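Engineer: The structure that follows is given in the form of structure tokens.
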Amino acid sequence: MNKSLLRSCLLLFATLLFVGCGDDGNGEPVDKDVIVINNNGTTSTGASYVRIDDKNFYLDYIKYTVEEAHLVVSGYDKTGGNSVNIATSIRFKSNLYHVNSIGNNAFFGCSDVTSIVIPASVKMIGDNAFSGCSSLTALNLPAGVVSIGEGAFKDCANITNLTIPSGVKAIASYLCSGCEKLSQISIPSGVTSIGTEAFAGCANLTAVEVPAVVNVLGEGAFKGCAKLTTVNIPDGVTGIGRNTFAGCSSLNAITIPQSVSSIRDYAFSRCASLTAVTLPNRITSVGYGAFEYCTGITEISVPEGVTTLEAGAFAFCTGLATVNLPSTLTSMQSGVFKRCTSLADVTLPVNHLFPTSTDIFDESNYKQATLHVPADLVEAYKEAPIWKDFKAIVGIGDNTEGENTEGDKTEGE
């Protein structure tokens, strides 16, 4: 090979090497994942650049803010279009910054945005970061994300599936609330808590695998998940909060672990497909309307240790036929069994005449039901207001179905 040809080859190689590495406009080579903002305001990729101040600037309509040694995505100019590609690294004012978080409300209400590419450098996603991005159909979260804020994906109504990265340890409140088309959610095994209304209104969610180490289910966590048919409650959960499963009308089976010591107001309200529920032995009360409108339940046994059934606890359970109450019961509040129109048998083993009011039961049920009480109290119940109106009152263990005639006596008999 002659010297002239060798020189030409070396020159071509050097040219290709220079083109592959790029230049930052200031004479320095640039990594392909770094966007350089040159001193003259141009960029290495041709991206549009608008300086706000020493800490803030727009790049391709995405607002970035310098925080310590990194960049936070802090906003978006909606005139930038419906496709968003967040930078991995940016050289700004001669300093190299990596984009490691998406800030609070960064894309809040960007309802026309259809796609967002999040770089692998991102570790944190702030509160309401993508809330209201109703045209998004998918969102791929980087594996390195370890924190996701409250309401981050709230009202992203067209997202159909979401995988939470393995480094995330808590599902924040309202995380996916209102994600109407979400049908699949993957929750990592290390998650220990699910926040308030985290998945409320996810009407197309059919099943959820709750990690075994979860010990907190927030209020309304699955409220209004109308197609949810199955969900597991881990053994470490100590309470079922207010509205946790309210409106889960397709939920057909639920196992409440023995670790649960409280069932709060409306916890399973309107779970019309539930046919059976076993209450854990540690509870001491059943909350206001906790099982109201659970029309598929046919039998309920309230465990020993429960002292209070709060108002409307089993109201409008129109399929409920058999009720077994504990000897520890001291209070039943108004409407506990209101409109339980199929009621046939009530067992009340309390060792004294139980006080009642006019609206624990109603005429739609007690006049057709048999009341089972301690044998030595049968006569007292037959003379007591409300109780005497049961169709029959018999001693516990007595299989006879003698009609109660006390309530039918007329004056002068």
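Every chain in the structure tokens takes a letter, A first, then B, and so on in the order presented; its residues are numbered from 1, and the ligands are numbered from 1 following the presented order.
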Any chance you could list, as a list in words, the residues in stretch 2-222 of chain A that come up alpha helix (DSSP H) when DSSP is run on the backbone?
Structural biologist: Lys3, Ser4, Leu5, Leu6, Arg7, Ser8, Cys9, Leu10, Leu11, Leu12, Phe13, Ala14, Thr15, Leu16, Leu17, Phe18, Val19, Gly20 and Cys21 of chain A
Engineer: Write the residues of the selection above to a file with C-alpha atoms, as a compact mmCIF listing (two decimals), in the first residue's frame.
Structural biologist:
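Result saved to part39.txt:
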```
# COMPACT_ATOMS: atom_id res chain seq x y z
CA LYS A 3 1.84 6.24 1.47
CA SER A 4 -0.81 8.33 -0.27
CA LEU A 5 -3.46 5.61 0.07
CA LEU A 6 -2.52 4.96 3.71
CA ARG A 7 -2.81 8.68 4.48
CA SER A 8 -6.28 8.76 2.89
CA CYS A 9 -7.47 5.79 4.95
CA LEU A 10 -6.25 7.32 8.19
CA LEU A 11 -7.95 10.62 7.35
CA LEU A 12 -11.25 8.84 6.61
CA PHE A 13 -11.07 6.92 9.91
CA ALA A 14 -10.40 10.10 11.87
CA THR A 15 -13.34 11.81 10.17
CA LEU A 16 -15.70 8.95 10.99
CA LEU A 17 -14.49 8.88 14.60
CA PHE A 18 -15.10 12.62 14.94
CA VAL A 19 -18.59 12.39 13.49
CA GLY A 20 -19.47 9.43 15.78
CA CYS A 21 -18.42 11.24 18.93
```
Engineer: For stretch 342-350 of chain A, list every protein, DNA or RNA residue within 9 Å, evaluated using only C-alpha atoms, and leave out those in the same chain fewer than 4 positions away; present the list as a list in words.
Structural biologist: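 Everything that qualifies: Thr298, Cys317, Thr318, Gly319, Leu320, Ala321, Thr322, Val323, Asn324, Leu325, Pro326, Ser327, Thr328, Leu329, Thr330, Phe337, Phe354, Ser364, Asn365, Tyr366, Gln368, Ala369, Thr370, Leu371, His372, Val373, Pro374 and Ile396 of chain A.
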Engineer: What lies within 9 Å of stretch 375-380 of chain A using only C-alpha atoms, ignoring chain neighbours under 5 positions off, as a list in words?
Structural biologist: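 Here the answer would be Asn351, His352, Leu353, Lys388, Ile393, Val394, Gly395, Ile396, Gly397 and Asp398 of chain A.
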Engineer: Which is closer to A:Asp54 than all the others in A:Asn95, A:Ser131, A:Asn82, A:Asn215, using only C-alpha atoms?
Structural biologist: A:Asn95
Engineer: Please identify all polymer residues within 9 Å of stretch 116-120 of chain A, counting only C-alpha atoms, omitting same-chain residues fewer than 3 positions from it, and present them as a ChimeraX atom specification.
Structural biologist: /A:82-88,99-100,113,123,136,138-145
Engineer: Looking at A:Ser301, A:Ser249, A:Ser334, A:Thr114, which one is nearest to A:Thr137, with distances taken over only C-alpha atoms?
Structural biologist: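 Result for the nearest residue to A:Thr137: A:Thr114.
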Engineer: Smallest atom-to-atom distance to A:Phe92: which of A:Asn40, A:Thr295, A:Thr192, A:Thr356, using only C-alpha atoms?
Structural biologist: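 Nearest to A:Phe92: A:Asn40.
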Engineer: Show me, as a list of chain:residue names, the residues that have an atom within 7 Å of A:Ser183 when counting only C-alpha atoms, minus same-chain residues fewer than 5 positions from it.
Structural biologist: A:Thr160, A:Asn161, A:Asn204, A:Leu205, A:Thr206
